[in-house]
Each structure stands twice: as C-alpha cells, then as structure tokens.
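Inspection log for the structure reproduced underneath, given as structure tokens.
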Amino acid sequence: MVGVDQWTKKNPLFKDKLEDVETVSEEDLEKIIELKPDLIIAGSTLKNLDKMSKIAPTIVYTWGKLDYLAQQLEIGKVLNKEAEAKAWIDDFTKRAKETGEQIKAKIGEKATVSVFEYDAKSFYVFGNNWARGTEVLYQAMGLNMPDAVKKEALGPGYYMMSVEVIPQFAGDYIILSKPTGEENAFLKTDSWKNIPAVSQNHMIEIDTEASSYSDPTTLENLLKIFKEGFLGKA
C-alpha cells in the first residue's frame with residue numbers, strides 16, 4: 001500500500017503495517033497522483049471517484065451491500081488472494097462459532113448483549129452489521145440482542161438514544177466502545193451505574209478507533225477480546 005485515509009491511518013491495530021504509508025483523501029488528487037498507485041479501492045460515498053478512475057483502476061464498494069465476510073472474499077479476489085481469503089473465512093467462522101457456544105454455555109442461551117458507543121453529547125446502540133464487534137457477537141457467535149435493539153437498530157445499523165431510554169436498550173451484558181479523548185457525563189450518573197449489566201460488572205470495553213472496521217485484523221482482535229471478556233483469559 002502507498003496511501004490510506006486518515007481514519008485507517010490512526011487505527012492503532014494498523015500502526016506497524018502503515019508506518020511508511022501516506023495519508024490521503026479524495027479531495028487531494030494531486031497527492032494520489034504523486035503516489036502512482038496501480039489500484040485504488042474506494043467507498044461509494046467518496047467524492048471524485050470519476051477523477052480517481054483516471055489516475056488508476058478504481059474499485060468501489062458500498063458499505064453493507066455485501067456481508068462482512070463476503071467483502072473480505074471480494075478483496076481477496078481483487079488482490080489475487082482468493083484462496084487465502086476463503087481459508088481465513090472458514091477458519092474464523094469455525095473458531096467464532098465455537099467461542100459463541102462456549103459463551104452461551106456460561107452466560108445462558110437467552111442472555112442478551114448490547115453494543116454501546118458514545119461521544120460528548122450522544123449515546124448510540126448498534127445492530128448486527130455496524131462494526132464495533134457487532135458482526136462477531138451477533139452473526140458469528142450467535143449471541144442475542146435485546147428486543148429494543150432489534151426494533152430500532154437492526155435495520156438502519158445504529159440508533160441514537162436519549163439518555164432516558166438507555167437502560168431500556170441495555171442487555172444482560174454491555175460492550176462499551178470508548179473513543180479516545182471523549183467523555184460523556186451520563187457515565188457518571190446513578191442511572192448508568194444502576195443498569196444491571198453495569199452494576200454487576202457485565203461490561204467489556206473496546207477501543208473505538210480499533211474496532212470501527214470489519215477487516216480480518218480487527219475481527220481477530222475483537223474475537224480475542226470477547227473470548228477473554230466473557231470466558232476469562234486462558
């Protein structure tokens with residue numbers, strides 16, 4: 001790789017891999033030209049896609065059009081690594097399913113899990129395909145989400161909650177995605193502390209910057225975190 005976007009560049013999981021890779025944006029076409037890429041992979045919401053395609057062959061993906069594993073297979077095809085991608089998908093799926101079965105045996109088949117994230121002013125809950133480990137928890141492991149989450153977040157992918165209703169969206173266990181440098185006053189209130197999952201320490205914290213993608217590196221890291229968080233370190 002010769003260039004990545006700023007969000008990918010600041011992901012702590014990618015730091016070593018991207019040490020000598022430039023940060024680029026769709027606005028700075030001159031920078032992209034200077035890097036002389038042989039291939040550009042871009043999201044469908046980016047600007048200047050037509051101009052990028054004149055710099056190098058450009059493949060555009062739409063977030064959510066493919067499921068998270070099918071997307072990895074497509075990347076594998078593009079990079080002539082389809083066999084490697086398929087092997088990883090099969091192995092990851094098997095390991096995640098086994099881990100999910102172990103977790104359900106420990107916490108109960110009907111136990112529910114919510115994935116929350118916050119910024120300074122807002123709180124969010126996620127469905128089953130919006131990164132933050134949602135694909136691992138709900139799709140690969142087969143864990144359950146609360147009914148309120150199914151109703152509001154499953155379709156659109158996420159739902160912004162008012163603080164008054166946060167307890168209604170809390171499962172028996174909470175995965176809390178914590179962005180670096182952000183604080184939310186609600187986390188210090190009794191309303192938050194009295195949520196059963198919080199008071200019983202049924203919480204697993206994850207780093208937002210290290211969990212906002214659904215690539216193999218991120219998925220493997222989250223699988224490890226969830227396995228240790230629910231089952232304890234081996």
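Labeling convention for the structure tokens: chains A, B, ... as they appear, residues from 1 per chain, ligands from 1 in order of appearance.
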#### Entry: Members of range 6-189 of chain A assigned alpha helix (DSSP H) by DSSP, as a VMD selection string
chain A and resid 6 to 9 29 to 35 49 to 55 68 to 78 82 to 107 134 147 to 153 166 to 169
Give one line per residue of range 122-208 of chain A that approaches range 95-106 of chain A to at most 7 Å, naming the two atoms of the closest pair and their distance in Å to one decimal, counting only C-alpha atoms; sort by chain then ascending residue number and deliver it as a Markdown table.
| residue | atom | partner | partner_atom | distance |
| --- | --- | --- | --- | --- |
| A:Ala140 | CA | A:Ala96 | CA | 5.6 |
| A:Met141 | CA | A:Gly100 | CA | 4.0 |
| A:Gly142 | CA | A:Gly100 | CA | 6.3 |
| A:Leu143 | CA | A:Gly100 | CA | 6.8 |
### Task
Report the distance between CA of Tyr68 in chain A and CA of Glu135 in chain A in Å, rounded to one decimal place.
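So the two atoms, CA of Tyr68 in chain A and CA of Glu135 in chain A, lie 7.3 Å apart.
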## Note on the structure
CA of Ala70 in chain A sits from CA of Ile55 in chain A at a separation of 27.2 Å
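Between Glu220 in chain A and the candidates A:Val163, A:Ile89, A:Ile204, A:Ala56, the tightest atom-to-atom separation, counting only C-alpha atoms, involves A:Ile89.
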### Query
Which one of A:Ala131, A:Leu13, A:Leu187, A:Val136 sits closest to Ser212 in chain A if you count only C-alpha atoms?
A:Ala131
### Query
Out of A:Lys94, A:Lys31, A:Lys17, A:Lys110, which residue has the shortest atom-to-atom distance to Pro146 in chain A when counting only C-alpha atoms?
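Selected residue with least distance to Pro146 in chain A: A:Lys110.
Proximity ranking of A:Leu46, A:Val198, A:Leu222, A:Val78 relative to Leu137 in chain A places A:Leu222 first, based on only C-alpha atoms.
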### Message
For a quick check of understanding, using only C-alpha atoms, which of A:Asp5, A:Asp67, A:Glu117, A:Asp38 has the smallest distance to Gln139 in chain A?
### Response
A:Asp67
#### Entry: Which residue of A:Met1, A:Met161, A:Ala148, A:Leu35 approaches Glu19 in chain A most closely, using only C-alpha atoms
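Ranking A:Met1, A:Met161, A:Ala148, A:Leu35 by distance to Glu19 in chain A, first place goes to A:Met1.
The environment of Ala153 in chain A within 8 Å, counting only C-alpha atoms and disregarding residues fewer than 5 places along the same chain, consists of Val125, Phe126, Gly127, Tyr158 and Tyr159 of chain A.
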### Sel. of strand (DSSP E or B) residues, range 8-171 of chain A, as a list in words
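Written out, the strand (DSSP E or B) residues of range 8-171 of chain A are Glu22, Thr23, Ile40, Ile41, Ala42, Gly43, Thr58, Ile59, Val60, Tyr61, Thr112, Val113, Ser114, Val115, Phe116, Glu117, Tyr118, Phe123, Tyr124, Val125, Phe126, Asn144, Tyr158, Tyr159, Met160 and Met161 of chain A.
The coordinates place CA of Phe186 in chain A at 9.2 Å from CA of Lys121 in chain A.
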